[in-house]
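Undergrad: Mind having a look at this structure? Questions to follow.
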Amino acid sequence: MRNYLTILGCLLLPYFVHSQEIEPDTTKPTEIDLPEIIVLAEDLESDNQSQQISGLLQSSNDIFVSTAGYTFGQTRFKIRGFNSENTSILINGLPVNDRETGRAYWSSWGGLNDATRNKDILSGIGPSSFNFGGPGGVTNIETRASSFNKQTKFTYSSTNRSYRNRAMFLYATGLMDNGWAFTASGSRRWAQEGYVEGTFYNAWSYFIAAEKKINDEHSIGLVGFGAPNKRGRNGVSTQEAYDLAGSNFYNPYWGYQNGEKRNSRVNNYHQPMIILSHYWTPDDKTKLTTSGYVSFGRGGSSALDWYDAPDPRPDYYRKLPSYDGDVNGLTPAQREDLWLNDESFRQLDWDYFYFINRKNLFTVEDVNGIEGNTYTGNLSNYIIEERRNDRTQFGLNANYKKEINDNITLSAGVDLSQYKTHQYKTVLDLLGGDFYLNVDKYAERDFIDPIAAQNDLNNPNRVVKEGDIFGYDYTGNINNYSAFVQGDFTYSKFDFYLSLNASYDEFWRTGHMRNGKYPDKSYGDSEKNQFTNYGLKGGITYKITGRHIFSGNAMYMTRAPYFRDSYISVRTREQTVDNLTNEKILSGDLNYNYRSPYIQARASVYYTRFVDQVYSRSFYHESLRSFVNYQMVGVDKVHLGLELGIDAKVSQSFNLYGVVATGQYYYDSRPSATISVDNSSAILSNRTVYLENYRVGGFPQTAMSAGIKYRSANYIFAGANINYYDDIYLDLNPDRRTAEAVANYGPEYPERDVILEQEQLDPGITLDAHIGKSWRIDYTYYISINFSVNNLLNVQDFAFGGFEQYRYDPFEMSKFPPKYFYMYGRQYYLNINFRF
């Protein structure tokens, strides 16, 4: 219950602040650029203003929401501990959460800050006329061409984060006399090397919207956008590797090739979306929007693969000094010396890959299953593969809103979606060799029958070259049909709403390779998995006065399991997880809002319980020397906590604000786990996992921020804030919480506690600041400059998250230690924009 007394004191603050009214400064112009705060892709901040006190509770200018999205986002903080599948993200009312995982991938429109600036944000449970939503709320991004004011805007940004430079423009005509409106926007973000060594960034984005107002009732609109991006990734490692490399941002994914840094892990995505909408407003109280949409494109992430060769990763545990034994003729002491003094030893050795690949002459017999057909060349021991996830989605959506009278509004909507995800691997680079083999190296080792090693029996012994598909190849087919209806009732003292939702989901796998281990369960269409679900939510608001408002919300909903979590090993076969069932979610919150000319504050308590979640992971098992599939069903979690945000205007120029988020997010069941390997359909083990009362890990569960904001009459603005993070736990390996994991130790053995305990990380404190100025020239031209610095004190030893490795040895726990994420050191952002 730590921090609760602090929160109680903050709640009482409005009653003790002196009652002098602070008059607004009427000398300021009515239109002026606000300081543009540059945020991460996950930021939920919006420029929209609340139009009535009922909507204030969840409005986009909520100090808690904006601070949690921007300031706390540096630590992967999650509002109420929710992943993004629990928040519905919409563009023009259309759901854009990924249908395979439920997650929202903001990079699909990254860089389009100006084009996606108009948002309607509901954080948490509440009424939304666009969508039923989840326990995390609903965010709708409005990109209709007529919603943009006439303007032209250019922006340049300089930073030292993932990218170094950003250039962006927006052009909008507004709604012209001829009934047309056009908007176009685009950007480029780039860096030869980002904050982490060996990373790079090359991202473009584009947006175009057109709308024709046919008459007072009908309009037609077209929107298209995309964000092609290619970036080198940074890895995560153990503390031993960080210490040896001398940096908590050590990146094992790169190495030198011909004197240039080359990254082996490169993301390459471009998945544009096109929306065609009809807007019908038969009267000023009725609105019907009907849309058809299509989304398509490529997704890919590269990685090293190897055949009949040692693991090439520089931070592989056998290459670290802590591994007891000689490796490649090097003692632990010699490996430590090389780690400390030879940068090439702790990075990828590209020259070695090319050298070894050009010396491996090999003959393949009966290529493609044709007797006597041979191929001779240099077989690559190491290659760069690309793991592709290409998607195609078609959908229809309708949204209806009717103000029945001054007190009652009816909203309803329907969404029909057909989604396909094509997942496969291609050879991206043979690294000097001539070909690669489409065989399963683990099955080739484990089975006498050579047929079992074939990834595709329809093309056995297939020689693959750059651009060819190998390994696995399947399509995930996901259809979703949903509808909701909502009634909003508004009165002088009370508001309340009630919303109902119904949905139908079906998905199945279509295999394009006949796997040698599962010839009858890998090719063609699998059986369809079908689920019917529903949801109910409601809430009430009591307005004591215009300043004091209480509200409460409750939700119960069921949700189909996601495609990605539902298969034992979707890469190789169609076998689904046993006892697959709908997830159940029960959620509620209580809120107090205070609003006056000088103080705005909100305090909330919330409780959410997730029941029957599916947990699915695949990882390489050292002892089995194969990929292990680890599935749990019956995973229950509880998320409860407090939220507080307060913004106090203490003078004409100064505001003080504070935000507190503290929660307890923990597992609340003993799920059943199933363990299997890709090389066999047999179940290796069924076991009970004693997860109850362990914390949900990987991010801070307590975060606080206090700051000051200054704004002068001549448009100079500045501010600073101090932030505190605590209750940070490692994301746990569930198998360490089984009876089998501690079978060799009695209660008195300290090793038992080492296996079972969950590490809590140290708290962290950071300081941020910003300053800027805006100019208006001849009431037509606007210029704004903003400079901000995050982590001003350059703290580089604050681990804000991490995870236990799935590989572990109960007899030697130090063999596979945890891996940690560290907050970046001092980061700056300079932003200049010009608008007219």
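Order determines the names: the first chain of the structure tokens is A, the second B, and so forth; residues in each chain are numbered 1 upward, and ligands are numbered 1 upward as they are shown.
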Determine, counting only C-alpha atoms, which protein, DNA and RNA residues have an atom within 8 Å of an atom of A:Thr608; residues of the same chain fewer than 3 positions away are not included. Present the result as a VMD selection string.
TA: chain A and resid 135 585 to 588 638 to 640
Undergrad: Keeping only N, CA, C and O atoms, write the selected residues to a file as a PDB file, in the first residue's frame.
TA:
ATOM      1  N   PRO A 135     -10.764  -3.001 -21.801  1.00  0.00           N
ATOM      2  CA  PRO A 135     -10.555  -2.364 -20.489  1.00  0.00           C
ATOM      3  C   PRO A 135      -9.578  -1.202 -20.530  1.00  0.00           C
ATOM      4  O   PRO A 135      -9.568  -0.368 -19.632  1.00  0.00           O
ATOM      5  N   ILE A 585     -12.911 -11.274 -19.128  1.00  0.00           N
ATOM      6  CA  ILE A 585     -12.343 -10.065 -18.544  1.00  0.00           C
ATOM      7  C   ILE A 585     -13.413  -9.368 -17.718  1.00  0.00           C
ATOM      8  O   ILE A 585     -14.501  -9.052 -18.217  1.00  0.00           O
ATOM      9  N   LEU A 586     -13.103  -9.138 -16.455  1.00  0.00           N
ATOM     10  CA  LEU A 586     -13.961  -8.378 -15.552  1.00  0.00           C
ATOM     11  C   LEU A 586     -13.180  -7.157 -15.098  1.00  0.00           C
ATOM     12  O   LEU A 586     -12.057  -7.278 -14.595  1.00  0.00           O
ATOM     13  N   SER A 587     -13.766  -5.973 -15.274  1.00  0.00           N
ATOM     14  CA  SER A 587     -13.015  -4.750 -14.979  1.00  0.00           C
ATOM     15  C   SER A 587     -13.949  -3.681 -14.430  1.00  0.00           C
ATOM     16  O   SER A 587     -15.133  -3.627 -14.777  1.00  0.00           O
ATOM     17  N   GLY A 588     -13.409  -2.829 -13.575  1.00  0.00           N
ATOM     18  CA  GLY A 588     -14.172  -1.716 -13.040  1.00  0.00           C
ATOM     19  C   GLY A 588     -13.268  -0.632 -12.503  1.00  0.00           C
ATOM     20  O   GLY A 588     -12.097  -0.871 -12.189  1.00  0.00           O
ATOM     21  N   VAL A 638      -4.540 -10.496 -12.236  1.00  0.00           N
ATOM     22  CA  VAL A 638      -5.260  -9.400 -11.602  1.00  0.00           C
ATOM     23  C   VAL A 638      -4.428  -8.128 -11.742  1.00  0.00           C
ATOM     24  O   VAL A 638      -3.221  -8.139 -11.486  1.00  0.00           O
ATOM     25  N   HIS A 639      -5.091  -7.043 -12.158  1.00  0.00           N
ATOM     26  CA  HIS A 639      -4.469  -5.728 -12.232  1.00  0.00           C
ATOM     27  C   HIS A 639      -5.300  -4.779 -11.375  1.00  0.00           C
ATOM     28  O   HIS A 639      -6.476  -4.536 -11.680  1.00  0.00           O
ATOM     29  N   LEU A 640      -4.718  -4.243 -10.325  1.00  0.00           N
ATOM     30  CA  LEU A 640      -5.424  -3.275  -9.490  1.00  0.00           C
ATOM     31  C   LEU A 640      -4.476  -2.159  -9.112  1.00  0.00           C
ATOM     32  O   LEU A 640      -3.255  -2.355  -9.047  1.00  0.00           O
TER      33      LEU A 640
END
Undergrad: Check stretch 210-403 of chain A with DSSP on the backbone and list each residue it calls strand (DSSP E or B), as a ChimeraX atom specification.
TA: /A:210-213,218-226,229-232,237-238,254-257,260-263,266-270,273-283,286-306,327,330,361-364,375-379,382-403
Undergrad: Which residue out of A:Phe470, A:Tyr163, A:Phe803, A:Phe345 has the minimum interatomic distance to A:His512 when only C-alpha atoms are used?
TA: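 Smallest separation from A:His512 among the options: A:Phe470.
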Undergrad: Report as a PyMOL selection string all protein, DNA and RNA residues lying within 9 Å of A:Thr475, evaluated on only C-alpha atoms, omitting residues in the same chain fewer than 4 positions from it.
TA: chain A and resi 420-424+508-512
Undergrad: Let's have the selection written as a PDB file, in the first residue's frame, with all heavy atoms.
TA:
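Output file selection31.pdb is given in full below:
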ATOM      1  N   LYS A 420      -5.591 -11.999 -43.716  1.00  0.00           N
ATOM      2  CA  LYS A 420      -4.669 -13.098 -44.015  1.00  0.00           C
ATOM      3  C   LYS A 420      -3.249 -12.638 -43.719  1.00  0.00           C
ATOM      4  O   LYS A 420      -2.835 -11.549 -44.117  1.00  0.00           O
ATOM      5  CB  LYS A 420      -4.781 -13.546 -45.469  1.00  0.00           C
ATOM      6  CG  LYS A 420      -6.120 -14.186 -45.828  1.00  0.00           C
ATOM      7  CD  LYS A 420      -6.121 -14.673 -47.269  1.00  0.00           C
ATOM      8  CE  LYS A 420      -7.468 -15.283 -47.646  1.00  0.00           C
ATOM      9  NZ  LYS A 420      -7.756 -16.504 -46.876  1.00  0.00           N
ATOM     10  N   THR A 421      -2.524 -13.487 -43.012  1.00  0.00           N
ATOM     11  CA  THR A 421      -1.116 -13.218 -42.737  1.00  0.00           C
ATOM     12  C   THR A 421      -0.287 -14.343 -43.344  1.00  0.00           C
ATOM     13  O   THR A 421      -0.439 -15.508 -42.982  1.00  0.00           O
ATOM     14  CB  THR A 421      -0.848 -13.095 -41.226  1.00  0.00           C
ATOM     15  OG1 THR A 421       0.561 -13.073 -40.992  1.00  0.00           O
ATOM     16  CG2 THR A 421      -1.461 -14.226 -40.432  1.00  0.00           C
ATOM     17  N   HIS A 422       0.553 -13.998 -44.311  1.00  0.00           N
ATOM     18  CA  HIS A 422       1.407 -14.976 -44.991  1.00  0.00           C
ATOM     19  C   HIS A 422       2.779 -14.950 -44.324  1.00  0.00           C
ATOM     20  O   HIS A 422       3.498 -13.945 -44.397  1.00  0.00           O
ATOM     21  CB  HIS A 422       1.519 -14.634 -46.471  1.00  0.00           C
ATOM     22  CG  HIS A 422       2.285 -15.648 -47.266  1.00  0.00           C
ATOM     23  ND1 HIS A 422       2.785 -15.399 -48.522  1.00  0.00           N
ATOM     24  CD2 HIS A 422       2.628 -16.943 -46.985  1.00  0.00           C
ATOM     25  CE1 HIS A 422       3.417 -16.466 -48.971  1.00  0.00           C
ATOM     26  NE2 HIS A 422       3.334 -17.414 -48.049  1.00  0.00           N
ATOM     27  N   GLN A 423       3.150 -16.040 -43.674  1.00  0.00           N
ATOM     28  CA  GLN A 423       4.389 -16.088 -42.910  1.00  0.00           C
ATOM     29  C   GLN A 423       5.308 -17.168 -43.481  1.00  0.00           C
ATOM     30  O   GLN A 423       4.887 -18.317 -43.671  1.00  0.00           O
ATOM     31  CB  GLN A 423       4.083 -16.342 -41.433  1.00  0.00           C
ATOM     32  CG  GLN A 423       3.097 -15.325 -40.874  1.00  0.00           C
ATOM     33  CD  GLN A 423       3.229 -15.121 -39.388  1.00  0.00           C
ATOM     34  OE1 GLN A 423       4.294 -15.325 -38.800  1.00  0.00           O
ATOM     35  NE2 GLN A 423       2.142 -14.704 -38.757  1.00  0.00           N
ATOM     36  N   TYR A 424       6.555 -16.761 -43.720  1.00  0.00           N
ATOM     37  CA  TYR A 424       7.527 -17.650 -44.338  1.00  0.00           C
ATOM     38  C   TYR A 424       8.920 -17.077 -44.131  1.00  0.00           C
ATOM     39  O   TYR A 424       9.084 -15.960 -43.641  1.00  0.00           O
ATOM     40  CB  TYR A 424       7.238 -17.804 -45.840  1.00  0.00           C
ATOM     41  CG  TYR A 424       7.189 -16.497 -46.608  1.00  0.00           C
ATOM     42  CD1 TYR A 424       8.299 -16.038 -47.308  1.00  0.00           C
ATOM     43  CD2 TYR A 424       6.022 -15.736 -46.636  1.00  0.00           C
ATOM     44  CE1 TYR A 424       8.256 -14.847 -48.014  1.00  0.00           C
ATOM     45  CE2 TYR A 424       5.972 -14.542 -47.338  1.00  0.00           C
ATOM     46  CZ  TYR A 424       7.089 -14.102 -48.025  1.00  0.00           C
ATOM     47  OH  TYR A 424       7.050 -12.911 -48.721  1.00  0.00           O
ATOM     48  N   TRP A 508      -8.021 -20.293 -39.126  1.00  0.00           N
ATOM     49  CA  TRP A 508      -7.450 -21.580 -39.495  1.00  0.00           C
ATOM     50  C   TRP A 508      -6.114 -21.363 -40.199  1.00  0.00           C
ATOM     51  O   TRP A 508      -5.791 -20.262 -40.621  1.00  0.00           O
ATOM     52  CB  TRP A 508      -8.419 -22.380 -40.374  1.00  0.00           C
ATOM     53  CG  TRP A 508      -8.642 -21.832 -41.755  1.00  0.00           C
ATOM     54  CD1 TRP A 508      -8.028 -22.225 -42.911  1.00  0.00           C
ATOM     55  CD2 TRP A 508      -9.557 -20.778 -42.128  1.00  0.00           C
ATOM     56  NE1 TRP A 508      -8.503 -21.494 -43.971  1.00  0.00           N
ATOM     57  CE2 TRP A 508      -9.438 -20.615 -43.524  1.00  0.00           C
ATOM     58  CE3 TRP A 508     -10.455 -19.977 -41.417  1.00  0.00           C
ATOM     59  CZ2 TRP A 508     -10.197 -19.665 -44.215  1.00  0.00           C
ATOM     60  CZ3 TRP A 508     -11.203 -19.040 -42.117  1.00  0.00           C
ATOM     61  CH2 TRP A 508     -11.069 -18.889 -43.495  1.00  0.00           C
ATOM     62  N   ARG A 509      -5.374 -22.418 -40.288  1.00  0.00           N
ATOM     63  CA  ARG A 509      -4.043 -22.383 -40.902  1.00  0.00           C
ATOM     64  C   ARG A 509      -4.086 -23.039 -42.265  1.00  0.00           C
ATOM     65  O   ARG A 509      -4.693 -24.105 -42.435  1.00  0.00           O
ATOM     66  CB  ARG A 509      -3.040 -23.124 -40.012  1.00  0.00           C
ATOM     67  CG  ARG A 509      -1.616 -23.216 -40.544  1.00  0.00           C
ATOM     68  CD  ARG A 509      -0.789 -24.159 -39.678  1.00  0.00           C
ATOM     69  NE  ARG A 509       0.620 -24.191 -40.029  1.00  0.00           N
ATOM     70  CZ  ARG A 509       1.155 -24.971 -40.987  1.00  0.00           C
ATOM     71  NH1 ARG A 509       0.370 -25.789 -41.686  1.00  0.00           N
ATOM     72  NH2 ARG A 509       2.458 -24.949 -41.230  1.00  0.00           N
ATOM     73  N   THR A 510      -3.412 -22.430 -43.249  1.00  0.00           N
ATOM     74  CA  THR A 510      -3.237 -23.030 -44.569  1.00  0.00           C
ATOM     75  C   THR A 510      -1.748 -23.243 -44.802  1.00  0.00           C
ATOM     76  O   THR A 510      -0.981 -22.279 -44.925  1.00  0.00           O
ATOM     77  CB  THR A 510      -3.818 -22.138 -45.679  1.00  0.00           C
ATOM     78  OG1 THR A 510      -5.205 -21.924 -45.443  1.00  0.00           O
ATOM     79  CG2 THR A 510      -3.629 -22.799 -47.043  1.00  0.00           C
ATOM     80  N   GLY A 511      -1.312 -24.484 -44.826  1.00  0.00           N
ATOM     81  CA  GLY A 511       0.096 -24.782 -45.015  1.00  0.00           C
ATOM     82  C   GLY A 511       0.473 -24.857 -46.478  1.00  0.00           C
ATOM     83  O   GLY A 511      -0.257 -25.445 -47.287  1.00  0.00           O
ATOM     84  N   HIS A 512       1.618 -24.302 -46.825  1.00  0.00           N
ATOM     85  CA  HIS A 512       2.108 -24.328 -48.210  1.00  0.00           C
ATOM     86  C   HIS A 512       3.314 -25.240 -48.362  1.00  0.00           C
ATOM     87  O   HIS A 512       3.870 -25.349 -49.463  1.00  0.00           O
ATOM     88  CB  HIS A 512       2.457 -22.918 -48.660  1.00  0.00           C
ATOM     89  CG  HIS A 512       1.338 -21.931 -48.492  1.00  0.00           C
ATOM     90  ND1 HIS A 512       0.105 -22.100 -49.070  1.00  0.00           N
ATOM     91  CD2 HIS A 512       1.263 -20.786 -47.760  1.00  0.00           C
ATOM     92  CE1 HIS A 512      -0.688 -21.087 -48.744  1.00  0.00           C
ATOM     93  NE2 HIS A 512      -0.010 -20.281 -47.940  1.00  0.00           N
TER      94      HIS A 512
END
Undergrad: Looking only at alpha helix (DSSP H) from DSSP on the backbone, list the matching residues of stretch 240-419 of chain A as a PyMOL selection string.
TA: chain A and resi 240-245+332-341+350-357
Undergrad: Store the residues picked out above in a file with N, CA and C atoms, as an mmCIF file, in the first residue's frame.
TA:
data_model
loop_
_atom_site.group_PDB
_atom_site.id
_atom_site.type_symbol
_atom_site.label_atom_id
_atom_site.label_comp_id
_atom_site.auth_asym_id
_atom_site.auth_seq_id
_atom_site.Cartn_x
_atom_site.Cartn_y
_atom_site.Cartn_z
ATOM 1 N N GLU A 240 26.694 -9.643 -17.368
ATOM 2 C CA GLU A 240 28.090 -9.990 -17.600
ATOM 3 C C GLU A 240 28.575 -9.397 -18.912
ATOM 4 N N ALA A 241 27.763 -9.539 -19.970
ATOM 5 C CA ALA A 241 28.156 -9.004 -21.266
ATOM 6 C C ALA A 241 28.230 -7.478 -21.229
ATOM 7 N N TYR A 242 27.267 -6.842 -20.559
ATOM 8 C CA TYR A 242 27.302 -5.380 -20.448
ATOM 9 C C TYR A 242 28.575 -4.912 -19.740
ATOM 10 N N ASP A 243 28.908 -5.577 -18.636
ATOM 11 C CA ASP A 243 30.086 -5.167 -17.869
ATOM 12 C C ASP A 243 31.377 -5.369 -18.662
ATOM 13 N N LEU A 244 31.468 -6.474 -19.370
ATOM 14 C CA LEU A 244 32.666 -6.735 -20.165
ATOM 15 C C LEU A 244 32.802 -5.753 -21.316
ATOM 16 N N ALA A 245 31.661 -5.374 -21.908
ATOM 17 C CA ALA A 245 31.697 -4.434 -23.032
ATOM 18 C C ALA A 245 31.847 -2.994 -22.561
ATOM 19 N N PRO A 332 38.765 -19.499 -20.096
ATOM 20 C CA PRO A 332 37.943 -18.392 -19.598
ATOM 21 C C PRO A 332 38.724 -17.101 -19.425
ATOM 22 N N ALA A 333 39.961 -17.180 -18.932
ATOM 23 C CA ALA A 333 40.766 -15.972 -18.744
ATOM 24 C C ALA A 333 41.093 -15.311 -20.074
ATOM 25 N N GLN A 334 41.388 -16.129 -21.083
ATOM 26 C CA GLN A 334 41.689 -15.572 -22.401
ATOM 27 C C GLN A 334 40.445 -14.929 -23.023
ATOM 28 N N ARG A 335 39.287 -15.560 -22.816
ATOM 29 C CA ARG A 335 38.048 -14.987 -23.351
ATOM 30 C C ARG A 335 37.731 -13.654 -22.665
ATOM 31 N N GLU A 336 37.996 -13.584 -21.371
ATOM 32 C CA GLU A 336 37.755 -12.333 -20.649
ATOM 33 C C GLU A 336 38.661 -11.227 -21.179
ATOM 34 N N ASP A 337 39.914 -11.552 -21.419
ATOM 35 C CA ASP A 337 40.847 -10.556 -21.935
ATOM 36 C C ASP A 337 40.402 -10.055 -23.302
ATOM 37 N N LEU A 338 39.943 -10.956 -24.154
ATOM 38 C CA LEU A 338 39.485 -10.552 -25.482
ATOM 39 C C LEU A 338 38.202 -9.716 -25.393
ATOM 40 N N TRP A 339 37.297 -10.096 -24.530
ATOM 41 C CA TRP A 339 36.070 -9.323 -24.350
ATOM 42 C C TRP A 339 36.399 -7.888 -23.924
ATOM 43 N N LEU A 340 37.348 -7.746 -23.037
ATOM 44 C CA LEU A 340 37.676 -6.430 -22.499
ATOM 45 C C LEU A 340 38.484 -5.575 -23.463
ATOM 46 N N ASN A 341 39.310 -6.198 -24.301
ATOM 47 C CA ASN A 341 40.304 -5.441 -25.058
ATOM 48 C C ASN A 341 40.192 -5.564 -26.570
ATOM 49 N N TRP A 350 31.851 -10.996 -39.579
ATOM 50 C CA TRP A 350 31.341 -11.182 -40.944
ATOM 51 C C TRP A 350 32.403 -11.783 -41.862
ATOM 52 N N ASP A 351 33.645 -11.394 -41.706
ATOM 53 C CA ASP A 351 34.703 -11.929 -42.564
ATOM 54 C C ASP A 351 34.817 -13.447 -42.414
ATOM 55 N N TYR A 352 34.639 -13.930 -41.190
ATOM 56 C CA TYR A 352 34.688 -15.376 -40.967
ATOM 57 C C TYR A 352 33.544 -16.074 -41.688
ATOM 58 N N PHE A 353 32.353 -15.488 -41.660
ATOM 59 C CA PHE A 353 31.207 -16.113 -42.331
ATOM 60 C C PHE A 353 31.496 -16.284 -43.826
ATOM 61 N N TYR A 354 32.023 -15.238 -44.458
ATOM 62 C CA TYR A 354 32.329 -15.316 -45.886
ATOM 63 C C TYR A 354 33.447 -16.317 -46.144
ATOM 64 N N PHE A 355 34.441 -16.313 -45.277
ATOM 65 C CA PHE A 355 35.578 -17.210 -45.449
ATOM 66 C C PHE A 355 35.133 -18.671 -45.408
ATOM 67 N N ILE A 356 34.350 -19.020 -44.405
ATOM 68 C CA ILE A 356 33.959 -20.422 -44.238
ATOM 69 C C ILE A 356 32.965 -20.854 -45.310
ATOM 70 N N ASN A 357 32.096 -19.943 -45.760
ATOM 71 C CA ASN A 357 31.088 -20.298 -46.768
ATOM 72 C C ASN A 357 31.705 -20.563 -48.132
#
Undergrad: For stretch 219-224 of chain A, list every protein, DNA or RNA residue within 8 Å, evaluated using only C-alpha atoms, and leave out those in the same chain fewer than 3 positions away; present the list as an MDAnalysis selection string.
TA: chainID A and resid 143:145 207:215 272:280
